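Q: So I've got this file, query10.txt, and it contains compact mmCIF, C-alpha atoms:
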```
# COMPACT_ATOMS: atom_id res chain seq x y z
CA MET G 1 14.99 9.83 -15.36
CA ARG G 2 11.45 8.83 -16.22
CA SER G 3 8.99 8.25 -13.44
CA ALA G 4 8.09 4.73 -12.31
CA LYS G 5 4.49 3.63 -12.82
CA ILE G 6 2.32 1.95 -10.21
CA ALA G 7 1.33 -1.37 -11.80
CA ASN G 8 -0.55 -2.92 -8.85
CA ALA G 9 -1.33 -1.99 -5.27
CA ILE G 10 -3.15 -4.16 -2.74
CA VAL G 11 -4.06 -3.46 0.87
CA CYS G 12 -4.08 -6.70 2.84
CA GLU G 13 -3.54 -8.20 6.28
CA ASP G 14 -0.31 -10.11 5.56
CA VAL G 15 2.19 -10.99 2.83
CA ARG G 16 4.42 -14.05 3.06
CA ILE G 17 7.29 -14.56 0.69
CA GLU G 18 8.15 -18.17 -0.07
CA GLN G 19 11.69 -19.46 -0.66
CA ASN G 20 11.02 -19.54 -4.41
CA GLY G 21 10.13 -15.83 -4.37
CA LYS G 22 6.35 -16.21 -4.70
CA HIS G 23 4.24 -13.81 -2.68
CA MET G 24 1.27 -15.13 -0.75
CA ILE G 25 -1.11 -12.22 -0.15
CA LEU G 26 -3.53 -12.91 2.72
CA GLY G 27 -6.65 -11.07 3.82
CA VAL G 28 -7.02 -8.83 0.75
CA PHE G 29 -9.31 -5.84 1.18
CA SER G 30 -10.92 -5.94 -2.26
CA ALA G 31 -13.28 -2.99 -1.89
CA ASP G 32 -13.93 -1.14 1.36
CA ILE G 33 -12.33 -1.81 4.72
CA LEU G 34 -15.24 -2.72 6.98
CA VAL G 35 -15.14 -2.68 10.78
CA GLN G 36 -17.82 -3.79 13.20
CA GLU G 37 -17.48 -0.81 15.54
CA LEU G 38 -15.44 2.30 16.20
CA PRO G 39 -12.80 2.86 17.34
CA ALA G 40 -10.93 -0.07 15.78
CA VAL G 41 -7.31 -1.02 15.16
CA ILE G 42 -6.43 -3.40 12.35
CA PRO G 43 -3.01 -4.42 11.01
CA ILE G 44 -2.58 -3.72 7.30
CA MET G 45 0.14 -4.08 4.69
CA LEU G 46 0.66 -2.52 1.29
CA TRP G 47 1.75 -4.86 -1.53
CA LEU G 48 3.12 -2.81 -4.38
CA GLN G 49 4.40 -3.45 -7.90
CA LEU G 50 6.15 -0.69 -9.81
CA ASP G 51 6.91 -0.70 -13.56
CA ASP G 52 9.31 1.31 -15.73
CA ILE G 53 11.92 1.76 -13.04
CA SER G 54 14.75 3.51 -14.85
CA GLU G 55 17.65 2.79 -12.49
CA GLN G 56 18.99 -0.60 -11.35
CA ARG G 57 18.40 0.58 -7.79
CA GLU G 58 15.88 3.31 -7.09
CA GLU G 59 14.66 4.81 -3.83
CA PHE G 60 11.08 5.72 -3.08
CA GLU G 61 9.06 7.37 -0.36
CA TYR G 62 5.56 6.38 0.77
CA ARG G 63 2.87 7.78 3.03
CA GLY G 64 -0.39 6.38 4.28
CA SER G 65 -3.30 8.51 5.44
CA ILE G 66 -6.85 8.08 6.62
CA SER G 67 -9.17 11.02 6.04
CA ASP G 68 -6.12 13.17 5.15
CA SER G 69 -4.43 12.40 8.49
CA GLU G 70 -1.08 10.69 7.91
CA PHE G 71 -0.57 7.55 10.01
CA VAL G 72 2.60 6.13 8.43
CA SER G 73 5.45 7.20 6.17
CA GLY G 74 8.81 5.86 5.18
CA LYS G 75 11.33 5.08 2.46
CA PHE G 76 12.24 1.95 0.54
CA ALA G 77 14.66 0.95 -2.20
CA LEU G 78 14.01 -1.40 -5.10
CA ALA G 79 16.53 -3.26 -7.22
CA VAL G 80 15.45 -4.42 -10.66
CA SER G 81 16.88 -6.46 -13.49
CA PRO G 82 17.03 -4.82 -16.94
CA ALA G 83 13.78 -6.38 -18.16
CA PRO G 84 10.86 -6.13 -17.51
CA ASN G 85 11.82 -3.28 -15.13
CA ARG G 86 9.17 -4.37 -12.61
CA ALA G 87 9.79 -4.64 -8.89
CA THR G 88 7.57 -5.83 -6.07
CA ILE G 89 7.65 -4.94 -2.38
CA ALA G 90 5.48 -5.56 0.67
CA LEU G 91 5.36 -2.68 3.17
CA GLY G 92 4.00 -3.00 6.72
CA GLN G 93 2.48 -4.22 8.98
CA PHE G 94 1.03 -0.92 10.01
CA PRO G 95 -1.49 -0.61 12.85
CA LEU G 96 -4.38 1.31 11.30
CA GLN G 97 -6.22 3.26 14.02
CA ILE G 98 -9.77 3.91 12.82
CA ASP G 99 -11.70 6.50 14.83
CA LYS G 100 -14.26 7.43 12.17
CA GLU G 101 -15.34 6.47 8.69
CA GLY G 102 -13.21 7.94 5.93
CA GLU G 103 -10.83 7.31 3.05
CA LEU G 104 -7.62 5.28 3.32
CA LYS G 105 -4.93 6.30 0.85
CA PHE G 106 -1.34 5.28 0.11
CA ASP G 107 0.85 7.58 -1.99
CA VAL G 108 4.29 6.80 -3.48
CA ARG G 109 6.99 8.89 -5.14
CA PRO G 110 10.60 8.49 -6.27
CA LEU G 111 13.05 10.30 -3.98
CA GLN G 112 14.78 11.82 -7.03
CA ASN G 113 12.54 14.69 -8.25
CA GLY G 114 9.36 12.63 -7.96
CA ARG G 115 5.81 13.77 -7.48
CA TRP G 116 3.31 11.94 -5.29
CA LYS G 117 1.09 9.39 -7.02
CA THR G 118 -1.82 7.65 -5.32
CA ALA G 119 -1.12 3.92 -5.31
CA ILE G 120 -4.49 2.94 -3.84
CA SER G 121 -7.48 4.56 -2.19
CA MET G 122 -10.43 2.88 -0.47
CA SER G 123 -13.25 3.69 1.92
CA VAL G 124 -13.12 2.73 5.58
CA ARG G 125 -16.55 2.33 7.09
CA ILE G 126 -18.71 0.56 9.63
CA ALA G 127 -20.22 -2.69 8.36
CA LYS G 128 -24.01 -2.56 8.26
CA SER G 129 -25.71 -5.51 9.91
CA VAL G 130 -28.53 -7.38 8.19
CA ASP G 131 -30.94 -5.93 10.77
CA ASP G 132 -30.07 -2.28 9.90
```
Can you turn what I pasted into structure tokens?

A:
Amino acid sequence: MRSAKIANAIVCEDVRIEQNGKHMILGVFSADILVQELPAVIPIMLWLQLDDISEQREEFEYRGSISDSEFVSGKFALAVSPAPNRATIALGQFPLQIDKEGELKFDVRPLQNGRWKTAISMSVRIAKSVDD
């Protein structure tokens, strides 16, 4: 079995799936996650697309960490059609407890002999005001 590839990963506030299957991704964190003050709690989701899935149904494991401290983990399964072997999933909403500035990271791996791959990594920091 070849290993699936992470095609796209987005950290956002919400994902809504329409009846026609389109995903509406809301509140995308495009660079850093900025908070006004610490501590802070914000709800986040992980929107994920995987390519080159070799099985019709494949199981994966994920973990989310901030500054190397894991705050969420779990498993999910994806079903794909033969071509283009791409599957999309929205994971969350996870309450992200931010006590200090650091690095947010989501890792993914296939349950069958997979190694962890970083899907996305971004800084979490305090927003600087114009006066600072």

Q: Please list as a list in words every residue within 12 Å of stretch 16-29 of chain G, counting only C-alpha atoms and excluding residues in the same chain fewer than 4 positions away.

A: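 Those residues are Ala9, Ile10, Val11, Cys12, Ile33, Leu34, Val35, Ile42, Pro43, Ile44, Met45, Leu46, Trp47, Leu48, Gln49, Thr88, Ile89, Ala90, Leu91, Gly92, Gln93, Leu104, Ile120, Ser121, Met122, Ser123 and Val124 of chain G.
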
Q: Could you tell me how far atom CA of G:Phe71 sits from atom CA of G:Phe106, in Å to one decimal place?

A: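 These two atoms are separated by 10.2 Å.
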
Q: Suppose you want the space between atom CA of G:Phe76 and atom CA of G:Lys105; what is it in Å?

A: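 So the two atoms, atom CA of G:Phe76 and atom CA of G:Lys105, lie 17.7 Å apart.
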
Q: Skipping near chain neighbours, those fewer than 3 positions away, what residues fall within 7 Å of G:Asp107 using all atoms listed in the file, listed as a ChimeraX atom specification?

A: /G:62-64,116-119

Q: Report, as lines of an AutoDock Vina configuration file, the axis-aligned box around all atoms of stretch 39-57 of chain G present in the file, extended by 8 Å on each side; give centre and edge lengths in Å to one decimal place.

A:
```
center_x = 3.1
center_y = -0.7
center_z = 0.8
size_x = 47.8
size_y = 24.4
size_z = 49.1
```

Q: Go through G:Val15, G:Ala7, G:Ile98, G:Val72 and flag the residue nearest G:Ile126, using only C-alpha atoms for the distances.

A: G:Ile98

Q: Taking only C-alpha atoms into account, which of G:Glu103, G:Glu61, G:Glu70, G:Asp52 comes nearest G:Arg86?

A: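 Using only C-alpha atoms, the shortest distance to G:Arg86 belongs to G:Asp52.
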
Q: Just give me the gap between atom CA of G:Ala31 and atom CA of G:Arg125 in Å, one decimal is fine.

A: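 Atom-to-atom, atom CA of G:Ala31 to atom CA of G:Arg125, that is 10.9 Å.
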
Q: For each of G:Leu111, G:Ile6, G:Val41, G:Leu96, take the minimum atom-to-atom distance to G:Arg57, counting only C-alpha atoms, then give the residue where this is smallest.

A: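 Smallest distance to G:Arg57 is found for G:Leu111.
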
Q: Using all atoms listed in the file, which of the listed residues (G:Ser65, G:Leu50, G:Arg109, G:Glu55) sits closest to G:Phe94?

A: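 Comparing G:Ser65, G:Leu50, G:Arg109, G:Glu55 against G:Phe94, the winner is G:Ser65.
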
Q: Have a look at G:Ala4, G:Ala87, G:Val108, G:Leu38 and name the one nearest to G:Ala127; count all atoms listed in the file.

A: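 Once distances to G:Ala127 are computed over all atoms listed in the file, the minimum belongs to G:Leu38.
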